[in-house]
$ cat target-v4.cif   # mmCIF, N, CA and C atoms and all ligand atoms
data_run
loop_
_atom_site.label_atom_id
_atom_site.label_comp_id
_atom_site.auth_asym_id
_atom_site.auth_seq_id
_atom_site.Cartn_x
_atom_site.Cartn_y
_atom_site.Cartn_z
N MET A 1 16.53 15.04 1.04
CA MET A 1 17.03 13.95 1.87
C MET A 1 17.73 14.52 3.12
N PRO A 2 17.70 13.78 4.18
CA PRO A 2 18.34 14.26 5.41
C PRO A 2 19.85 14.40 5.24
N VAL A 3 20.37 15.38 5.94
CA VAL A 3 21.80 15.63 5.82
C VAL A 3 22.61 14.55 6.50
N ALA A 4 22.24 14.27 7.73
CA ALA A 4 23.02 13.30 8.49
C ALA A 4 22.15 12.11 8.87
N VAL A 5 22.78 11.03 9.17
CA VAL A 5 22.06 9.86 9.61
C VAL A 5 21.46 10.12 10.98
N SER A 6 20.20 9.82 11.13
CA SER A 6 19.55 9.98 12.41
C SER A 6 20.10 8.96 13.39
N GLU A 7 20.52 9.47 14.52
CA GLU A 7 21.00 8.56 15.55
C GLU A 7 20.38 8.97 16.87
N PRO A 8 20.05 7.98 17.68
CA PRO A 8 19.45 8.31 18.97
C PRO A 8 20.50 8.68 20.00
N ARG A 9 20.10 9.58 20.88
CA ARG A 9 20.95 9.88 22.02
C ARG A 9 20.67 8.88 23.13
N SER A 10 19.41 8.53 23.26
CA SER A 10 19.06 7.50 24.23
C SER A 10 17.79 6.80 23.76
N VAL A 11 17.70 5.54 24.10
CA VAL A 11 16.55 4.73 23.71
C VAL A 11 15.99 4.07 24.94
N ASP A 12 14.67 4.21 25.12
CA ASP A 12 14.01 3.57 26.25
C ASP A 12 12.99 2.59 25.71
N ILE A 13 13.17 1.32 26.04
CA ILE A 13 12.31 0.28 25.50
C ILE A 13 11.48 -0.34 26.61
N SER A 14 10.16 -0.27 26.44
CA SER A 14 9.25 -0.96 27.33
C SER A 14 8.50 -2.00 26.52
N LEU A 15 8.61 -3.24 26.91
CA LEU A 15 8.01 -4.32 26.13
C LEU A 15 6.49 -4.25 26.14
N SER A 16 5.93 -3.54 27.10
CA SER A 16 4.47 -3.46 27.16
C SER A 16 3.95 -2.10 26.73
N GLN A 17 4.77 -1.07 26.83
CA GLN A 17 4.29 0.28 26.55
C GLN A 17 4.72 0.78 25.18
N GLY A 18 5.98 0.56 24.84
CA GLY A 18 6.45 1.09 23.57
C GLY A 18 7.87 1.60 23.67
N ILE A 19 8.26 2.34 22.64
CA ILE A 19 9.63 2.78 22.52
C ILE A 19 9.69 4.30 22.62
N SER A 20 10.64 4.78 23.37
CA SER A 20 10.90 6.21 23.42
C SER A 20 12.34 6.45 22.97
N ILE A 21 12.50 7.38 22.07
CA ILE A 21 13.84 7.69 21.57
C ILE A 21 14.08 9.19 21.68
N VAL A 22 15.21 9.54 22.26
CA VAL A 22 15.66 10.93 22.24
C VAL A 22 16.77 11.01 21.20
N TRP A 23 16.53 11.84 20.19
CA TRP A 23 17.49 11.93 19.10
C TRP A 23 18.61 12.89 19.45
N ARG A 24 19.60 12.90 18.62
CA ARG A 24 20.78 13.72 18.91
C ARG A 24 20.44 15.21 18.87
N ASP A 25 19.40 15.55 18.14
CA ASP A 25 19.00 16.97 18.12
C ASP A 25 18.03 17.29 19.25
N GLY A 26 17.84 16.33 20.15
CA GLY A 26 17.00 16.59 21.30
C GLY A 26 15.53 16.26 21.09
N HIS A 27 15.18 15.86 19.88
CA HIS A 27 13.79 15.55 19.59
C HIS A 27 13.39 14.24 20.26
N LEU A 28 12.19 14.23 20.83
CA LEU A 28 11.70 13.04 21.51
C LEU A 28 10.62 12.37 20.66
N SER A 29 10.82 11.09 20.43
CA SER A 29 9.84 10.31 19.69
C SER A 29 9.34 9.18 20.58
N ARG A 30 8.03 9.02 20.59
CA ARG A 30 7.43 7.93 21.38
C ARG A 30 6.56 7.10 20.46
N TYR A 31 6.83 5.80 20.43
CA TYR A 31 6.12 4.91 19.53
C TYR A 31 5.36 3.85 20.32
N PRO A 32 4.04 3.89 20.23
CA PRO A 32 3.27 2.77 20.77
C PRO A 32 3.61 1.51 19.98
N ILE A 33 3.52 0.37 20.62
CA ILE A 33 3.94 -0.87 19.97
C ILE A 33 3.04 -1.18 18.77
N LEU A 34 1.75 -0.91 18.94
CA LEU A 34 0.84 -1.16 17.83
C LEU A 34 1.21 -0.30 16.62
N TYR A 35 1.63 0.91 16.91
CA TYR A 35 2.06 1.82 15.84
C TYR A 35 3.24 1.23 15.08
N LEU A 36 4.17 0.66 15.82
CA LEU A 36 5.33 0.05 15.18
C LEU A 36 4.95 -1.20 14.41
N ARG A 37 4.05 -1.97 14.99
CA ARG A 37 3.64 -3.21 14.34
C ARG A 37 2.96 -2.93 13.00
N GLU A 38 2.16 -1.87 12.98
CA GLU A 38 1.45 -1.53 11.74
C GLU A 38 2.40 -1.01 10.68
N ARG A 39 3.54 -0.52 11.11
CA ARG A 39 4.49 0.04 10.16
C ARG A 39 5.73 -0.81 10.01
N CYS A 40 5.61 -2.08 10.34
CA CYS A 40 6.73 -2.99 10.16
C CYS A 40 7.19 -2.93 8.70
N PRO A 41 8.47 -2.65 8.48
CA PRO A 41 8.96 -2.43 7.12
C PRO A 41 9.36 -3.69 6.38
N CYS A 42 9.14 -4.85 6.95
CA CYS A 42 9.60 -6.06 6.28
C CYS A 42 8.75 -6.34 5.04
N ALA A 43 9.26 -7.19 4.18
CA ALA A 43 8.61 -7.44 2.89
C ALA A 43 7.22 -8.03 3.07
N THR A 44 7.09 -8.90 4.04
CA THR A 44 5.79 -9.53 4.27
C THR A 44 4.73 -8.50 4.63
N CYS A 45 5.05 -7.64 5.59
CA CYS A 45 4.07 -6.66 6.04
C CYS A 45 3.84 -5.58 4.99
N ALA A 46 4.89 -5.17 4.34
CA ALA A 46 4.74 -4.15 3.31
C ALA A 46 3.79 -4.65 2.23
N GLY A 47 3.86 -5.93 1.92
CA GLY A 47 2.95 -6.50 0.95
C GLY A 47 1.54 -6.58 1.47
N THR A 48 1.42 -6.90 2.77
CA THR A 48 0.09 -7.01 3.35
C THR A 48 -0.60 -5.67 3.38
N HIS A 49 0.14 -4.64 3.76
CA HIS A 49 -0.46 -3.32 3.89
C HIS A 49 -1.07 -2.86 2.57
N GLY A 50 -0.33 -3.04 1.50
CA GLY A 50 -0.78 -2.48 0.24
C GLY A 50 -1.55 -3.46 -0.62
N GLU A 51 -1.59 -4.71 -0.24
CA GLU A 51 -2.23 -5.77 -1.00
C GLU A 51 -1.76 -5.74 -2.45
N ALA A 52 -2.67 -5.56 -3.39
CA ALA A 52 -2.28 -5.66 -4.79
C ALA A 52 -1.50 -4.43 -5.25
N THR A 53 -1.83 -3.31 -4.67
CA THR A 53 -1.17 -2.08 -5.11
C THR A 53 0.18 -1.94 -4.43
N THR A 54 1.21 -2.29 -5.13
CA THR A 54 2.53 -2.20 -4.56
C THR A 54 3.22 -0.92 -4.98
N ARG A 55 3.91 -0.37 -4.01
CA ARG A 55 4.70 0.84 -4.17
C ARG A 55 4.04 1.91 -5.05
N VAL A 56 2.86 2.31 -4.60
CA VAL A 56 2.21 3.45 -5.22
C VAL A 56 2.73 4.72 -4.59
N ARG A 57 3.25 4.55 -3.38
CA ARG A 57 3.66 5.71 -2.60
C ARG A 57 4.96 6.29 -3.14
N ALA A 58 5.43 7.29 -2.43
CA ALA A 58 6.72 7.92 -2.71
C ALA A 58 6.72 8.62 -4.06
N ALA A 59 5.57 8.78 -4.64
CA ALA A 59 5.53 9.53 -5.88
C ALA A 59 5.77 11.01 -5.61
N ASP A 60 5.05 11.55 -4.66
CA ASP A 60 5.26 12.95 -4.32
C ASP A 60 5.80 13.10 -2.91
N GLY A 61 6.44 12.06 -2.44
CA GLY A 61 7.09 12.15 -1.14
C GLY A 61 6.17 11.90 0.04
N ARG A 62 4.91 11.67 -0.22
CA ARG A 62 3.99 11.40 0.88
C ARG A 62 3.46 9.99 0.77
N SER A 63 3.72 9.22 1.81
CA SER A 63 3.20 7.87 1.81
C SER A 63 1.71 7.91 2.15
N ASN A 64 1.08 6.81 2.02
CA ASN A 64 -0.35 6.74 2.26
C ASN A 64 -0.61 5.75 3.39
N PRO A 65 -0.50 6.21 4.62
CA PRO A 65 -0.57 5.29 5.75
C PRO A 65 -1.98 4.86 6.07
N LEU A 66 -2.50 3.93 5.32
CA LEU A 66 -3.82 3.40 5.61
C LEU A 66 -3.67 2.02 6.24
N PRO A 67 -3.87 1.96 7.53
CA PRO A 67 -3.75 0.66 8.20
C PRO A 67 -4.87 -0.27 7.78
N MET A 68 -4.51 -1.36 7.11
CA MET A 68 -5.52 -2.27 6.60
C MET A 68 -5.99 -3.24 7.69
N PHE A 69 -5.15 -3.45 8.66
CA PHE A 69 -5.53 -4.37 9.73
C PHE A 69 -5.02 -3.81 11.05
N LYS A 70 -5.70 -4.17 12.11
CA LYS A 70 -5.29 -3.67 13.42
C LYS A 70 -5.16 -4.81 14.40
N PRO A 71 -3.96 -5.30 14.58
CA PRO A 71 -3.75 -6.29 15.62
C PRO A 71 -3.91 -5.63 16.97
N VAL A 72 -4.92 -6.00 17.70
CA VAL A 72 -5.22 -5.31 18.96
C VAL A 72 -4.27 -5.77 20.05
N GLY A 73 -3.94 -4.86 20.89
CA GLY A 73 -3.15 -5.19 22.06
C GLY A 73 -1.77 -5.71 21.77
N ALA A 74 -1.12 -5.16 20.77
CA ALA A 74 0.21 -5.62 20.44
C ALA A 74 1.19 -5.26 21.55
N THR A 75 2.03 -6.20 21.87
CA THR A 75 3.12 -5.93 22.80
C THR A 75 4.40 -6.50 22.21
N LEU A 76 5.48 -6.28 22.92
CA LEU A 76 6.75 -6.81 22.46
C LEU A 76 7.18 -7.97 23.33
N LYS A 77 7.72 -8.98 22.68
CA LYS A 77 8.35 -10.07 23.44
C LYS A 77 9.83 -9.78 23.64
N ALA A 78 10.39 -9.10 22.66
CA ALA A 78 11.81 -8.79 22.75
C ALA A 78 12.15 -7.63 21.84
N ALA A 79 13.23 -6.97 22.16
CA ALA A 79 13.75 -5.91 21.30
C ALA A 79 15.26 -5.92 21.42
N GLN A 80 15.91 -5.86 20.28
CA GLN A 80 17.36 -5.88 20.34
C GLN A 80 17.94 -5.00 19.24
N PRO A 81 19.07 -4.40 19.52
CA PRO A 81 19.71 -3.58 18.50
C PRO A 81 20.34 -4.44 17.42
N VAL A 82 20.33 -3.93 16.23
CA VAL A 82 20.99 -4.59 15.11
C VAL A 82 22.12 -3.68 14.64
N GLY A 83 23.32 -4.09 14.93
CA GLY A 83 24.44 -3.22 14.61
C GLY A 83 24.26 -1.89 15.32
N ARG A 84 24.56 -0.82 14.60
CA ARG A 84 24.37 0.50 15.19
C ARG A 84 23.32 1.28 14.44
N TYR A 85 22.59 0.62 13.61
CA TYR A 85 21.72 1.38 12.72
C TYR A 85 20.26 1.02 12.84
N ALA A 86 19.93 0.01 13.61
CA ALA A 86 18.54 -0.44 13.60
C ALA A 86 18.16 -1.13 14.89
N LEU A 87 16.85 -1.28 15.07
CA LEU A 87 16.29 -2.09 16.14
C LEU A 87 15.46 -3.19 15.51
N GLN A 88 15.52 -4.35 16.14
CA GLN A 88 14.68 -5.45 15.70
C GLN A 88 13.75 -5.83 16.83
N PHE A 89 12.47 -5.91 16.51
CA PHE A 89 11.47 -6.23 17.53
C PHE A 89 10.88 -7.60 17.28
N GLN A 90 10.58 -8.28 18.37
CA GLN A 90 9.73 -9.47 18.27
C GLN A 90 8.39 -9.11 18.89
N PHE A 91 7.38 -9.05 18.03
CA PHE A 91 6.07 -8.65 18.50
C PHE A 91 5.35 -9.82 19.15
N SER A 92 4.23 -9.49 19.78
CA SER A 92 3.49 -10.52 20.53
C SER A 92 2.93 -11.60 19.62
N ASP A 93 2.87 -11.32 18.32
CA ASP A 93 2.41 -12.37 17.41
C ASP A 93 3.61 -13.12 16.82
N ASP A 94 4.76 -12.97 17.46
CA ASP A 94 5.99 -13.67 17.09
C ASP A 94 6.60 -13.18 15.79
N HIS A 95 6.08 -12.08 15.28
CA HIS A 95 6.66 -11.53 14.07
C HIS A 95 7.94 -10.76 14.42
N ASN A 96 9.01 -11.05 13.73
CA ASN A 96 10.28 -10.40 14.11
C ASN A 96 11.20 -10.16 12.92
N THR A 97 10.65 -10.10 11.74
CA THR A 97 11.52 -9.95 10.57
C THR A 97 11.74 -8.50 10.16
N GLY A 98 11.08 -7.58 10.82
CA GLY A 98 11.23 -6.19 10.44
C GLY A 98 12.41 -5.52 11.12
N LEU A 99 13.21 -4.84 10.32
CA LEU A 99 14.31 -4.05 10.87
C LEU A 99 13.92 -2.57 10.85
N PHE A 100 13.87 -1.99 12.03
CA PHE A 100 13.51 -0.57 12.13
C PHE A 100 14.81 0.23 12.26
N THR A 101 15.24 0.78 11.16
CA THR A 101 16.45 1.60 11.21
C THR A 101 16.15 2.92 11.90
N TRP A 102 17.19 3.56 12.38
CA TRP A 102 16.99 4.86 13.05
C TRP A 102 16.34 5.83 12.09
N ASN A 103 16.81 5.82 10.87
CA ASN A 103 16.23 6.72 9.87
C ASN A 103 14.73 6.48 9.71
N TYR A 104 14.39 5.20 9.64
CA TYR A 104 12.97 4.87 9.47
C TYR A 104 12.16 5.30 10.68
N LEU A 105 12.70 5.04 11.86
CA LEU A 105 12.00 5.41 13.08
C LEU A 105 11.80 6.93 13.16
N ARG A 106 12.82 7.64 12.78
CA ARG A 106 12.69 9.10 12.80
C ARG A 106 11.65 9.56 11.77
N GLU A 107 11.63 8.85 10.67
CA GLU A 107 10.68 9.18 9.62
C GLU A 107 9.23 9.02 10.08
N ILE A 108 8.97 7.98 10.83
CA ILE A 108 7.59 7.68 11.22
C ILE A 108 7.27 8.22 12.60
N CYS A 109 8.08 9.11 13.11
CA CYS A 109 7.81 9.72 14.41
C CYS A 109 6.37 10.24 14.44
N PRO A 110 5.58 9.79 15.40
CA PRO A 110 4.15 10.13 15.40
C PRO A 110 3.82 11.44 16.10
N CYS A 111 4.81 12.20 16.51
CA CYS A 111 4.49 13.42 17.27
C CYS A 111 3.88 14.48 16.35
N ASP A 112 3.32 15.49 16.99
CA ASP A 112 2.62 16.53 16.23
C ASP A 112 3.55 17.32 15.33
N LEU A 113 4.79 17.48 15.77
CA LEU A 113 5.74 18.24 14.96
C LEU A 113 6.06 17.52 13.67
N CYS A 114 6.22 16.20 13.77
CA CYS A 114 6.61 15.43 12.58
C CYS A 114 5.39 15.02 11.77
N ARG A 115 4.25 14.93 12.44
CA ARG A 115 3.01 14.51 11.76
C ARG A 115 1.97 15.58 11.92
N PRO A 116 2.07 16.66 11.20
CA PRO A 116 1.05 17.71 11.31
C PRO A 116 -0.32 17.16 10.98
N PRO A 117 -1.35 17.62 11.71
CA PRO A 117 -2.70 17.06 11.56
C PRO A 117 -3.31 17.33 10.19
N SER A 118 -2.75 18.23 9.45
CA SER A 118 -3.31 18.54 8.13
C SER A 118 -2.95 17.44 7.15
N SER A 119 -3.68 16.35 7.22
CA SER A 119 -3.39 15.22 6.35
C SER A 119 -4.32 15.23 5.15
N GLY A 120 -3.79 15.05 4.01
CA GLY A 120 -4.59 14.96 2.82
C GLY A 120 -4.99 16.29 2.25
N GLY A 121 -4.39 17.36 2.74
CA GLY A 121 -4.70 18.66 2.19
C GLY A 121 -4.10 18.82 0.80
N ALA A 122 -4.74 19.62 0.00
CA ALA A 122 -4.23 19.80 -1.35
C ALA A 122 -3.33 21.02 -1.40
ZN ZN A 201 6.78 -7.37 9.18
ZN ZN A 202 8.62 13.92 16.05
#

$ encode --input "target-v4.cif" --output "structure tokens" --more "lines below"
Ligand SMILES: [Zn+2]
Ligand SMILES: [Zn+2]
Amino acid sequence: MPVAVSEPRSVDISLSQGISIVWRDGHLSRYPILYLRERCPCATCAGTHGEATTRVRAADGRSNPLPMFKPVGATLKAAQPVGRYALQFQFSDDHNTGLFTWNYLREICPCDLCRPPSSGGA
């Protein structure tokens, strides 16, 4: 588990392009909006992603990011901070129930350092 809570040093939000976060350790994360929409952590989306198979993941620490649906051209209508620990987005399909905590955002950072291309290796 991480030692300290991930906190951003700066956050740049573009409603049409996506989110950029510079973390306190200097790491830069850039999230396309579609990427965030597909990983919305709310109960509704979490259920949609996995359909009948609920919480199969986290057995060996590796989730199974299989996007079951792709809402094309996702944008943001709004983005607002929730307390000091999360961001809440309103997506172009009016979905806004997902809370993206800093920890979660850092977890799903799509950069090469955080997401090595060797996926599914044994
Ligand atoms: Zn959701
Ligand atoms: Zn990263």

$ residues_near_ligand --input "target-v4.cif" --ligand "ligand ZN 201 (chain A)" --cutoff "9 Å" --atoms "only C-alpha atoms and all ligand atoms" --output "PyMOL selection string"
chain A and resi 37-46+48+95-99

$ closest_residue --input "target-v4.cif" --among "A:Thr75, A:Ser10, A:Ser29, A:Gln90" --to "ligand ZN 202 (chain A)" --atoms "only C-alpha atoms and all ligand atoms"
A:Ser29

$ closest_residue --input "target-v4.cif" --among "A:Pro32, A:Gly73, A:Pro110, A:Gly18" --to "ligand ZN 202 (chain A)" --atoms "only C-alpha atoms and all ligand atoms"
A:Pro110

$ closest_residue --input "target-v4.cif" --among "A:Ile33, A:Trp23, A:Leu28, A:Glu7" --to "ligand ZN 202 (chain A)" --atoms "all atoms listed in the file"
A:Leu28

$ residues_around --input "target-v4.cif" --residues "Asn103 of chain A" --least-positions-apart "6" --cutoff "8 Å" --atoms "all atoms listed in the file" --output "PDB file with N, CA and C atoms, in the coordinates of the input"
ATOM      1  N   VAL A   5      22.780  11.030   9.170  1.00  0.00           N
ATOM      2  CA  VAL A   5      22.060   9.860   9.610  1.00  0.00           C
ATOM      3  C   VAL A   5      21.460  10.120  10.980  1.00  0.00           C
ATOM      4  N   SER A   6      20.200   9.820  11.130  1.00  0.00           N
ATOM      5  CA  SER A   6      19.550   9.980  12.410  1.00  0.00           C
ATOM      6  C   SER A   6      20.100   8.960  13.390  1.00  0.00           C
ATOM      7  N   GLU A   7      20.520   9.470  14.520  1.00  0.00           N
ATOM      8  CA  GLU A   7      21.000   8.560  15.550  1.00  0.00           C
ATOM      9  C   GLU A   7      20.380   8.970  16.870  1.00  0.00           C
ATOM     10  N   PRO A   8      20.050   7.980  17.680  1.00  0.00           N
ATOM     11  CA  PRO A   8      19.450   8.310  18.970  1.00  0.00           C
ATOM     12  C   PRO A   8      20.500   8.680  20.000  1.00  0.00           C
ATOM     13  N   TYR A  85      22.590   0.620  13.610  1.00  0.00           N
ATOM     14  CA  TYR A  85      21.720   1.380  12.720  1.00  0.00           C
ATOM     15  C   TYR A  85      20.260   1.020  12.840  1.00  0.00           C
ATOM     16  N   ALA A  86      19.930   0.010  13.610  1.00  0.00           N
ATOM     17  CA  ALA A  86      18.540  -0.440  13.600  1.00  0.00           C
ATOM     18  C   ALA A  86      18.160  -1.130  14.890  1.00  0.00           C
ATOM     19  N   CYS A 109       8.080   9.110  13.110  1.00  0.00           N
ATOM     20  CA  CYS A 109       7.810   9.720  14.410  1.00  0.00           C
ATOM     21  C   CYS A 109       6.370  10.240  14.440  1.00  0.00           C
TER      22      CYS A 109
END

$ residues_near_ligand --input "target-v4.cif" --ligand "ligand ZN 202 (chain A)" --cutoff "8 Å" --atoms "all atoms listed in the file" --output "NGL selection string"
:A and (27-30 or 106-115)
